[in-house]
Structures are given as structure tokens and as C-alpha cells.
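What's in coords06.cif: mmCIF, C-alpha atoms
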```
data_query
loop_
_atom_site.label_atom_id
_atom_site.label_comp_id
_atom_site.auth_asym_id
_atom_site.auth_seq_id
_atom_site.Cartn_x
_atom_site.Cartn_y
_atom_site.Cartn_z
CA SER A 1 17.10 -18.73 -16.37
CA ASP A 2 20.21 -20.91 -16.73
CA GLU A 3 20.36 -21.30 -12.94
CA THR A 4 16.82 -22.65 -12.69
CA GLU A 5 16.51 -26.41 -12.37
CA LEU A 6 13.01 -27.62 -13.24
CA PRO A 7 11.46 -30.65 -11.52
CA GLN A 8 11.30 -33.89 -13.48
CA ILE A 9 7.68 -35.03 -13.88
CA SER A 10 6.63 -38.62 -14.49
CA GLY A 11 3.54 -40.65 -13.72
CA TRP A 12 1.22 -37.64 -13.72
CA ASP A 13 -1.24 -39.02 -16.30
CA ASP A 14 -4.22 -38.75 -13.93
CA VAL A 15 -3.47 -35.20 -12.73
CA VAL A 16 -6.29 -32.72 -13.40
CA TRP A 17 -4.62 -29.57 -12.00
CA ILE A 18 -1.04 -28.41 -11.27
CA GLY A 19 0.46 -25.57 -9.28
CA SER A 20 3.94 -24.37 -8.37
CA ASP A 21 5.75 -22.36 -5.73
CA SER A 22 5.81 -18.62 -6.34
CA GLY A 23 9.56 -18.45 -6.94
CA LEU A 24 11.58 -20.63 -9.33
CA ALA A 25 8.88 -23.24 -9.98
CA ALA A 26 11.22 -25.70 -8.28
CA ASP A 27 8.40 -27.33 -6.32
CA LEU A 28 5.28 -28.60 -8.10
CA ILE A 29 2.11 -30.25 -6.88
CA GLY A 30 -0.67 -31.83 -8.88
CA LEU A 31 -4.21 -32.75 -7.91
CA ARG A 32 -5.04 -36.29 -9.00
CA GLN A 33 -8.50 -37.51 -9.98
CA ASP A 34 -8.72 -39.55 -6.77
CA GLY A 35 -8.17 -36.44 -4.57
CA THR A 36 -4.54 -37.15 -3.65
CA LEU A 37 -1.60 -34.90 -4.47
CA ALA A 38 1.34 -35.62 -6.75
CA ARG A 39 4.58 -33.76 -6.10
CA ALA A 40 7.85 -33.12 -7.91
CA GLN A 41 10.88 -31.13 -6.72
CA SER A 42 14.15 -30.02 -8.25
CA GLY A 43 17.47 -29.82 -6.45
CA ASN A 44 17.05 -26.11 -5.66
CA SER A 45 13.59 -26.56 -4.15
CA GLU A 46 13.09 -24.83 -0.80
CA GLY A 47 10.38 -27.28 0.24
CA TYR A 48 7.50 -24.90 -0.40
CA PHE A 49 4.89 -27.68 -0.24
CA ASP A 50 6.41 -29.59 2.67
CA GLY A 51 3.55 -30.72 4.88
CA THR A 52 1.13 -31.66 2.11
CA GLU A 53 2.27 -35.30 2.13
CA GLY A 54 -0.59 -37.66 2.90
CA TRP A 55 -3.37 -35.22 2.02
CA THR A 56 -6.34 -37.16 0.62
CA GLY A 57 -9.90 -36.43 -0.45
CA ILE A 58 -8.87 -33.03 -1.88
CA ARG A 59 -11.31 -31.24 -4.16
CA GLN A 60 -9.46 -27.94 -4.64
CA VAL A 61 -6.12 -26.51 -3.52
CA ASN A 62 -4.58 -23.03 -3.58
CA VAL A 63 -0.80 -22.74 -3.93
CA THR A 64 -0.32 -19.37 -2.24
CA TYR A 65 0.86 -19.64 1.36
CA PRO A 66 -0.52 -21.03 3.66
CA VAL A 67 -1.64 -23.45 0.89
CA PRO A 68 -5.26 -24.01 1.95
CA ALA A 69 -7.16 -26.92 0.39
CA VAL A 70 -10.84 -27.87 0.37
CA LYS A 71 -11.70 -31.53 0.92
CA GLU A 72 -14.64 -33.37 -0.65
CA ASP A 73 -16.65 -32.90 2.57
CA GLY A 74 -16.21 -29.09 2.41
CA THR A 75 -13.71 -28.84 5.26
CA VAL A 76 -10.42 -26.98 4.86
CA ILE A 77 -6.88 -28.08 5.70
CA PHE A 78 -3.71 -25.96 5.86
CA LEU A 79 0.01 -26.44 6.21
CA LYS A 80 0.99 -27.28 9.78
CA ASP A 81 2.63 -23.90 10.51
CA THR A 82 -0.52 -21.88 9.70
CA GLU A 83 -1.47 -19.54 12.50
CA PRO A 84 -4.19 -21.13 14.70
CA GLU A 85 -6.26 -17.94 14.60
CA ILE A 86 -6.46 -18.13 10.81
CA GLN A 87 -7.48 -21.78 10.90
CA LYS A 88 -10.10 -21.08 13.56
CA THR A 89 -11.62 -18.24 11.56
CA VAL A 90 -11.85 -20.23 8.32
CA GLU A 91 -13.28 -23.27 10.11
CA SER A 92 -16.04 -21.05 11.53
CA TRP A 93 -17.33 -20.43 7.99
CA GLY A 94 -18.63 -24.02 7.74
CA ARG A 95 -18.41 -26.12 4.60
CA LEU A 96 -16.75 -24.44 1.62
CA GLU A 97 -16.86 -24.88 -2.13
CA ALA A 98 -13.47 -23.24 -2.73
CA VAL A 99 -10.76 -21.33 -0.91
CA CYS A 100 -8.11 -18.83 -1.98
CA SER A 101 -5.11 -17.32 -0.21
CA ALA A 102 -4.70 -13.91 -1.77
CA THR A 103 -1.37 -12.46 -0.70
CA GLY A 104 0.75 -15.05 1.03
CA TRP A 105 0.37 -13.30 4.40
CA GLY A 106 -2.72 -15.13 5.65
CA MET A 107 -5.41 -13.23 3.77
CA ILE A 108 -7.96 -15.94 2.97
CA PHE A 109 -11.14 -15.86 0.88
CA GLY A 110 -13.67 -18.68 0.90
CA ILE A 111 -16.82 -19.49 -1.08
CA CYS A 112 -19.40 -21.04 1.21
CA GLU A 113 -22.00 -23.65 0.23
CA ASP A 114 -24.70 -20.96 0.08
CA GLY A 115 -22.63 -18.93 -2.39
CA THR A 116 -21.54 -16.22 0.03
CA ILE A 117 -17.91 -15.11 0.11
CA ARG A 118 -16.07 -14.76 3.40
CA GLU A 119 -12.66 -13.25 4.11
CA CYS A 120 -10.02 -13.46 6.83
CA ARG A 121 -7.43 -10.71 7.30
CA PRO A 122 -4.72 -11.20 9.91
CA ASN A 123 -4.38 -8.38 12.40
CA GLU A 124 -0.73 -7.55 13.09
CA GLY A 125 -1.62 -4.40 14.96
CA ASN A 126 -2.18 -3.66 18.63
CA ALA A 127 -5.94 -3.03 18.42
CA GLU A 128 -9.24 -4.38 17.14
CA LEU A 129 -11.83 -2.32 15.27
CA SER A 130 -13.86 -2.19 18.49
CA ASP A 131 -10.95 -0.33 20.13
CA MET A 132 -11.12 2.50 17.59
CA LYS A 133 -12.94 4.98 19.83
CA ASP A 134 -12.35 8.56 21.02
CA LEU A 135 -10.01 9.17 18.11
CA LYS A 136 -8.07 12.33 17.38
CA TRP A 137 -7.46 11.20 13.80
CA VAL A 138 -7.43 8.01 11.75
CA GLN A 139 -5.72 7.19 8.47
CA VAL A 140 -6.02 4.32 6.01
CA GLN A 141 -2.63 2.92 5.13
CA THR A 142 -1.39 0.52 2.49
CA SER A 143 1.36 -2.01 2.92
CA PRO A 144 3.06 -4.89 1.13
CA ARG A 145 0.39 -7.08 2.71
CA GLU A 146 -3.22 -5.99 3.23
CA GLY A 147 -2.95 -2.55 4.76
CA GLY A 148 -5.04 -1.35 7.67
CA LEU A 149 -5.93 1.57 9.89
CA PHE A 150 -3.61 3.76 11.94
CA ALA A 151 -5.24 5.99 14.53
CA VAL A 152 -4.27 8.22 17.42
CA THR A 153 -6.65 8.54 20.35
CA GLN A 154 -7.58 11.72 22.18
CA ASP A 155 -5.34 10.64 25.06
CA GLY A 156 -2.33 10.16 22.74
CA ARG A 157 -2.19 6.40 22.07
CA ALA A 158 -1.30 4.92 18.67
CA LEU A 159 -3.71 2.18 17.53
CA ILE A 160 -3.09 -0.09 14.56
CA TYR A 161 -5.57 -2.51 13.02
CA GLY A 162 -4.45 -4.79 10.19
CA SER A 163 -0.81 -4.41 9.22
CA TYR A 164 1.34 -1.30 9.41
CA SER A 165 3.14 -0.04 6.33
CA HIS A 166 6.65 0.34 7.66
CA ALA A 167 8.73 -0.44 10.75
CA LEU A 168 8.91 3.25 11.67
CA GLN A 169 5.15 3.16 12.30
CA ASP A 170 5.43 0.37 14.85
CA PRO A 171 4.47 1.79 18.29
CA GLY A 172 7.54 0.06 19.74
CA GLN A 173 9.79 1.92 17.30
CA MET A 174 8.08 5.21 18.17
CA GLU A 175 8.79 4.59 21.84
CA TYR A 176 12.43 3.79 21.04
CA LEU A 177 12.80 7.08 19.13
CA GLY A 178 11.07 9.03 21.89
CA VAL A 179 8.19 10.06 19.62
CA ASP A 180 4.90 10.90 21.32
CA PRO A 181 2.04 9.59 19.10
CA GLY A 182 -0.22 12.22 20.64
CA LYS A 183 1.84 14.89 18.86
CA MET A 184 1.59 13.25 15.45
CA THR A 185 -0.57 14.87 12.77
CA GLY A 186 -0.48 12.02 10.25
CA LEU A 187 1.45 9.35 8.38
CA VAL A 188 3.61 10.30 5.40
CA GLY A 189 4.99 7.45 3.33
CA MET A 190 7.44 5.52 5.51
CA GLY A 191 7.23 8.07 8.33
CA TYR A 192 5.08 10.65 10.05
CA LEU A 193 4.75 14.35 10.78
CA LEU A 194 4.60 15.91 14.24
CA GLU A 195 2.76 19.03 15.42
CA ASP A 196 6.05 20.90 15.89
CA GLY A 197 6.88 20.53 12.17
CA THR A 198 9.30 17.60 12.51
CA LEU A 199 9.09 15.02 9.76
CA TYR A 200 10.40 11.55 10.63
CA GLY A 201 11.39 9.32 7.71
CA MET A 202 13.30 6.12 7.11
CA GLU A 203 16.09 5.49 4.60
CA MET A 204 15.31 2.78 2.06
CA VAL A 205 18.86 1.39 1.94
CA MET A 206 21.16 0.14 4.69
CA SER A 207 22.57 3.17 6.47
CA ASP A 208 24.33 4.16 9.68
CA GLU A 209 21.50 6.68 10.13
CA PRO A 210 18.35 4.76 9.09
CA VAL A 211 15.98 7.38 10.54
CA TRP A 212 16.16 10.96 9.32
CA THR A 213 14.28 14.12 10.30
CA GLU A 214 13.38 17.41 8.66
CA SER A 215 12.15 20.46 10.56
CA ASN A 216 9.93 23.44 9.79
CA VAL A 217 7.54 21.22 7.80
CA ARG A 218 3.89 22.21 7.55
CA GLN A 219 2.87 19.41 5.16
CA ALA A 220 4.67 16.56 3.39
CA VAL A 221 3.82 14.07 0.65
CA GLU A 222 5.67 10.98 -0.54
CA LEU A 223 6.23 11.36 -4.28
CA TRP A 224 7.33 7.79 -4.86
CA SER A 225 8.72 4.69 -3.25
CA ALA A 226 10.23 2.28 -5.73
CA GLY A 227 12.86 -0.37 -6.29
CA TYR A 228 15.42 -0.88 -9.01
CA ASP A 229 17.54 -4.02 -9.28
CA GLY A 230 17.08 -4.77 -5.60
CA ILE A 231 17.89 -1.21 -4.44
CA ASN A 232 15.17 1.10 -3.20
CA THR A 233 14.73 4.82 -3.65
CA GLY A 234 12.09 7.36 -2.70
CA ALA A 235 11.38 11.07 -2.59
CA TYR A 236 9.42 13.46 -0.37
CA ALA A 237 8.08 16.93 -1.06
CA MET A 238 7.75 19.26 1.92
CA LEU A 239 5.86 22.50 2.42
CA THR A 240 7.63 24.80 4.86
CA ASP A 241 6.06 27.25 7.29
CA GLU A 242 7.21 30.04 4.97
CA GLY A 243 5.08 28.71 2.11
CA ARG A 244 7.99 27.32 0.08
CA VAL A 245 8.48 23.80 -1.31
CA THR A 246 11.57 21.65 -0.67
CA PHE A 247 12.45 18.05 -1.52
CA ARG A 248 14.37 15.16 -0.03
CA MET A 249 15.66 11.98 -1.68
CA THR A 250 15.94 8.73 0.25
CA GLY A 251 18.16 5.85 -0.81
CA ASP A 252 19.85 7.74 -3.66
CA ALA A 253 22.81 5.34 -3.59
CA LEU A 254 22.18 3.41 -6.79
CA GLU A 255 25.82 2.67 -7.55
CA GLY A 256 26.33 0.25 -10.38
CA THR A 257 22.78 0.50 -11.72
CA GLY A 258 23.32 3.33 -14.18
CA VAL A 259 20.35 5.14 -12.65
CA ILE A 260 20.63 8.53 -10.96
CA ALA A 261 17.52 8.80 -8.81
CA GLU A 262 17.92 12.56 -8.49
CA ASN A 263 17.13 12.84 -12.21
CA PHE A 264 13.56 11.80 -11.43
CA LEU A 265 13.18 15.01 -9.42
CA LYS A 266 14.28 17.44 -12.14
CA GLN A 267 10.77 18.33 -13.27
CA VAL A 268 9.15 18.58 -9.85
CA ARG A 269 11.98 20.79 -8.56
CA ARG A 270 10.37 23.61 -10.52
CA ALA A 271 8.08 23.90 -7.51
CA GLU A 272 11.00 25.28 -5.47
CA GLU A 273 10.33 28.60 -7.25
CA TRP A 274 6.75 28.80 -5.97
CA THR A 275 5.82 31.20 -3.16
CA ASN A 276 2.89 31.59 -0.75
CA VAL A 277 1.96 27.92 -1.02
CA VAL A 278 -0.59 26.61 1.49
CA GLN A 279 -1.04 23.00 0.25
CA ILE A 280 0.92 20.55 -1.90
CA LEU A 281 -0.23 17.47 -3.79
CA GLY A 282 1.48 15.01 -6.08
CA ALA A 283 2.83 11.59 -6.98
CA ASN A 284 5.73 10.54 -9.18
CA GLY A 285 6.26 13.18 -11.89
CA ALA A 286 3.05 15.16 -11.29
CA PHE A 287 3.04 17.89 -8.64
CA TYR A 288 0.65 20.69 -7.71
CA GLY A 289 0.53 23.56 -5.25
CA LEU A 290 -2.34 25.65 -3.89
CA HIS A 291 -1.47 29.29 -3.20
CA GLU A 292 -2.83 31.77 -0.65
CA ASP A 293 -4.73 33.62 -3.36
CA GLY A 294 -6.72 30.52 -4.33
CA THR A 295 -4.81 29.74 -7.51
CA VAL A 296 -3.16 26.41 -8.31
CA SER A 297 0.20 25.72 -9.94
CA ALA A 298 1.52 22.59 -11.70
CA VAL A 299 5.11 21.71 -12.59
CA GLU A 300 4.10 20.36 -16.01
CA GLU A 301 3.56 23.09 -18.58
CA GLU A 302 0.60 21.35 -20.24
CA LYS A 303 -1.25 21.04 -16.94
CA GLN A 304 -0.31 24.59 -15.91
CA LYS A 305 -2.08 25.90 -19.01
CA LYS A 306 -5.28 24.11 -17.91
CA LEU A 307 -5.06 25.84 -14.52
CA GLU A 308 -4.63 29.37 -15.83
CA GLY A 309 -7.52 31.68 -14.96
CA ILE A 310 -8.84 29.42 -12.19
CA SER A 311 -9.09 31.00 -8.72
CA GLY A 312 -11.16 30.66 -5.59
CA VAL A 313 -9.80 27.19 -4.77
CA GLY A 314 -9.92 26.24 -1.08
CA LYS A 315 -8.42 22.73 -1.21
CA ILE A 316 -7.05 20.29 -3.80
CA ALA A 317 -7.25 16.49 -3.75
CA GLY A 318 -6.07 13.85 -6.19
CA TYR A 319 -5.52 10.17 -6.85
CA ALA A 320 -2.66 8.23 -8.42
CA SER A 321 -2.51 4.45 -8.69
CA GLU A 322 0.76 2.82 -7.69
CA GLY A 323 3.67 3.81 -9.93
CA THR A 324 1.71 6.36 -11.98
CA ALA A 325 1.58 10.14 -12.02
CA MET A 326 -1.35 11.96 -10.44
CA GLU A 327 -3.62 12.63 -13.40
CA ASP A 328 -6.89 13.36 -11.58
CA VAL A 329 -7.06 16.50 -9.43
CA MET A 330 -10.25 17.89 -7.92
CA ALA A 331 -10.79 21.21 -6.18
CA LEU A 332 -13.02 22.18 -3.28
CA MET A 333 -13.87 25.76 -4.09
CA GLU A 334 -14.16 28.49 -1.47
CA ASP A 335 -17.92 28.68 -2.13
CA GLY A 336 -18.42 24.99 -1.21
CA THR A 337 -18.72 23.63 -4.75
CA VAL A 338 -16.43 20.96 -6.26
CA ARG A 339 -14.65 21.29 -9.58
CA ALA A 340 -12.46 18.97 -11.66
CA LEU A 341 -9.14 20.70 -12.39
CA ILE A 342 -7.10 17.97 -14.10
CA THR A 343 -8.76 14.81 -15.43
CA SER A 344 -7.52 11.58 -16.98
CA GLU A 345 -9.25 9.54 -19.67
CA HIS A 346 -10.87 7.44 -16.92
CA ALA A 347 -12.16 10.37 -14.84
CA GLU A 348 -15.70 10.25 -16.19
CA GLU A 349 -15.84 6.46 -15.87
CA PHE A 350 -15.01 6.76 -12.15
CA GLY A 351 -17.49 9.60 -11.62
CA ARG A 352 -14.91 12.28 -10.92
CA THR A 353 -16.51 14.75 -13.31
CA GLN A 354 -20.04 14.33 -11.92
CA THR A 355 -19.79 16.96 -9.20
CA GLU A 356 -21.44 19.94 -10.90
CA SER A 357 -24.51 19.78 -8.65
CA TRP A 358 -22.57 19.53 -5.38
CA SER A 359 -22.87 22.44 -2.96
CA ASN A 360 -22.11 23.26 0.68
CA ILE A 361 -19.24 20.75 0.67
CA SER A 362 -16.75 21.10 3.55
CA ASP A 363 -14.09 18.54 2.52
CA ILE A 364 -13.20 16.21 -0.37
CA ALA A 365 -11.09 13.12 -1.06
CA VAL A 366 -10.37 11.27 -4.30
CA GLY A 367 -10.15 7.48 -4.52
CA GLU A 368 -9.73 4.91 -7.25
CA SER A 369 -13.45 4.63 -7.95
#
```

Write the structure described by the file as C-alpha cells, please.
Amino acid sequence: SDETELPQISGWDDVVWIGSDSGLAADLIGLRQDGTLARAQSGNSEGYFDGTEGWTGIRQVNVTYPVPAVKEDGTVIFLKDTEPEIQKTVESWGRLEAVCSATGWGMIFGICEDGTIRECRPNEGNAELSDMKDLKWVQVQTSPREGGLFAVTQDGRALIYGSYSHALQDPGQMEYLGVDPGKMTGLVGMGYLLEDGTLYGMEMVMSDEPVWTESNVRQAVELWSAGYDGINTGAYAMLTDEGRVTFRMTGDALEGTGVIAENFLKQVRRAEEWTNVVQILGANGAFYGLHEDGTVSAVEEEKQKKLEGISGVGKIAGYASEGTAMEDVMALMEDGTVRALITSEHAEEFGRTQTESWSNISDIAVGES
């Protein structure tokens, strides 16, 4: 853009590789043939590569924080502010051929001399994998970093391994809100659902009431969580104890953007007419409901036609990659078989249609592959 000031490069004739900061490309480094680093900065540089001065004998360098580099002798060096635990883990791998920092949050991959690949994932939680015992339930969660596991023990403690998705799922925040983890039934988007039907959620914009609650909720799903021009919005679908479907917007204050987030809900609000619903499923513009009589409804007319005449469904499960509608929906039938209800063009490739021979199945889940 017009505001971007690029670094002025000179004397880089012997540079065999270059890399830049992940922002405005205001800070550049180059690997010279002799294993030293060249550097150029513009006036708006934030000093991304500060600390690399004096590095010598470098064979390979990765520009993603914490900027790990492999020396000619196979050892690895990092920026000075790298967490000691990360450095210790990587050093334990021995001599490396190459190293890569994947996300900027300390997730490191290394190729060892024998060709094996090792990885290091920082644990921001309050537990190790060895602590995951006597669990009441456990749930895989994603996050802006690497994701992790969230579990509740039989005696009511919340355990997190890896990184938690949102601040509301921090055990300290739960204690502040007076939430007993032992009464949680699962995570839902930026919040969680309690046994008494209370859904805790968090607004996605600055608010005097950042934490909101809904009551009489039997099940909830996050339909989307997205950003537009620096402002975030999201939506939840909730199944009530009466078998009806309701919705809630979060962060619908998109003033000045020309976007009315509520418009995204127009199609899925058709589900508010459904009755006797026992399970809901959906993401973005796709939404489905399982009824007491074993039939399934969809808000999209084309998908509803595919579901007509199908009954005997005991549970539905689906998968949607980030930012896309749920185009693959599988059904666990009441007789223990598994059937594909809605399939995308990639369903067969991922094996989602190869369930004809399955029998005596008690539960199902759908993943990416």
C-alpha cells in the first residue's frame, strides 16, 4: 500500500535466500553463501529480526517466530526471547537437517539427520496428557494456535492440554464467573453448556456485558465465527427443552461496514418452524434437525428433497471445513447401520460413502478425512 515503506537493499550479491517479517515486509533478512545473515529495514520496521545480529555458520533459517535457524553442525539457535522449554525440547532432538516454525506460537517441526520428523507443541494448559485420567468427558478443540484437549474429570476439575480456544474456557475465568466445570456438558464455540441448560457465551466485540447466557438449552452449535474489516461476528443455534430451535447473534454491531450480520441468518431461521426436534447440526448456511420420529429436516430446499422419505435415523453427524457450509452429513440409523444423507463431491474421496457394510454401530463422528 501507499503507507508501506520497503527496505532499501544493497550489497546482497552473495545472498542465496531471503525472508521477511509476516507483516509489511519492513524487515528483511538474507542468508549469505558464507552462512552469515544480511539484513535490511525500513523506517516502519518493528524490529522483527532483532537478535539475529552476529549469527554465523547458518545453513537454513525459518522466518516465522521464534525464527529458528540450523547451523552447519546441525545445532539450532533461536531468538533470545524464545521460551526455554521450547529450546530444550528442540535441542533434545539432536542434530537437524532443517527446522520450521509453523504458526508463530512456538510450534516447531524439525527434520533429524536420520530423516525422522519431530514436533514441539507448547502447552498453555494446566495439565499434561498423563494427567488425563478418570475423565467424565473430553473434547478436541481448535484455536488460533494449535488447539488441544479440554476435559472434565469425574471429580469436577477442568483439564486443558495444548491451548484453549477462548478466554471463557480458561479455568480462572470459570472460577471468576462461578461456573462449576463438573456441571459442564461440553464446549460450544466460544463458550460452554451446563447440565441445567445454561449456555455461556462471549461477545465478539467490546461490550459492557462481554459474557452472555441463555437458559433452557438442551443442545447448542456455533454456526460461524468470522471477522469483517476488523469487526467480529458469530451466531449460535440452540435446541430448547421443548424441541424447538432458536438463534442468537453475537457481535452484530457492524456499523460502517455495510454488512448486516443478521442477514446471514435468514435462511437458517426457517428452522424456527420445526417441532419435536431432538438434535441439531450445522455450520454457516447449512442447518439440519433430527426429529423424534426419526426423520431429518434441512433449511435448504434442495437438501430437504434429498431427505424426503428417509426415517429411522437415530443420530446425525457432519463435517464442515472452516468458513464453509456443512455439505457432508451422515446418519446412525436406529438399527445400528450408517448411511450417508448429504454428500459433497469429495465425500467418496474421504471414504464417507463407504459405510454400507457397517453394522452394530453405537456412535459416529465425521472428520476431514

Could you spell out the hits of the PyMOL selection byres ((chain A and resi 317) around 9) on the shown file, as a VMD selection string?
-> chain A and resid 281 315 to 316 318 to 319 328 to 332 364 to 366

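A straight line drawn from atom CA of A:Val67 to atom CA of A:Tyr161 is 24.5 Å long.
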
Interatomic distance, atom CA of A:Gly191 to atom CA of A:Gly294 (Å, one decimal) =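 Calculated distance between atom CA of A:Gly191 and atom CA of A:Gly294 is 29.3 Å.
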
Residue members of the PyMOL selection byres ((chain A and resi 59) around 12) in the file shown, as JSON, numbers by chain = {"A": [16, 17, 30, 31, 32, 33, 34, 35, 36, 37, 55, 56, 57, 58, 60, 61, 62, 68, 69, 70, 71, 72, 73, 74, 75, 76, 77, 96, 97, 98, 99]}

Neighbour list for A:Lys305 as a count of residues only, cut-off 12 Å, only C-alpha atoms, skip fewer than 6 positions in-chain | 6

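Residues lying at most 10 Å from (4.6, 17.6, 2.4) in file coordinates, with only C-alpha atoms considered, are A:Val188, A:Leu193, A:Leu199, A:Val217, A:Arg218, A:Gln219, A:Ala220, A:Val221, A:Glu222, A:Leu223, A:Tyr236, A:Ala237, A:Met238, A:Leu239, A:Thr240, A:Val245, A:Thr246, A:Phe247, A:Gln279, A:Ile280, A:Leu281, A:Gly282.
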
Measuring atom to atom with all atoms listed in the file, identify which of A:Val140, A:Ile310, A:Met132, A:Ala286 is nearest to A:Gly367.
-> A:Val140

Distance in Å - atom CA of A:Val138 versus atom CA of A:Arg244 = 27.3 Å

So which residues get picked by the PyMOL selection byres ((chain A and resi 8) around 8) here, written as a PyMOL selection string?
-> chain A and resi 6-7+9-10+40-42

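Candidate residues A:Gly47, A:Gly186, A:Gly11, A:Pro181 were compared for distance to A:Ala26, and the nearest is A:Gly47, using only C-alpha atoms.
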
Centre and edge lengths, as AutoDock Vina command-line options, for the axis-aligned box enclosing every listed atom of stretch 166-179 of chain A with 8 Å of padding on each of the six sides, in Å to one decimal?
```
--center_x 8.6 --center_y 4.8 --center_z 14.8 --size_x 24.3 --size_y 26.5 --size_z 30.2
```
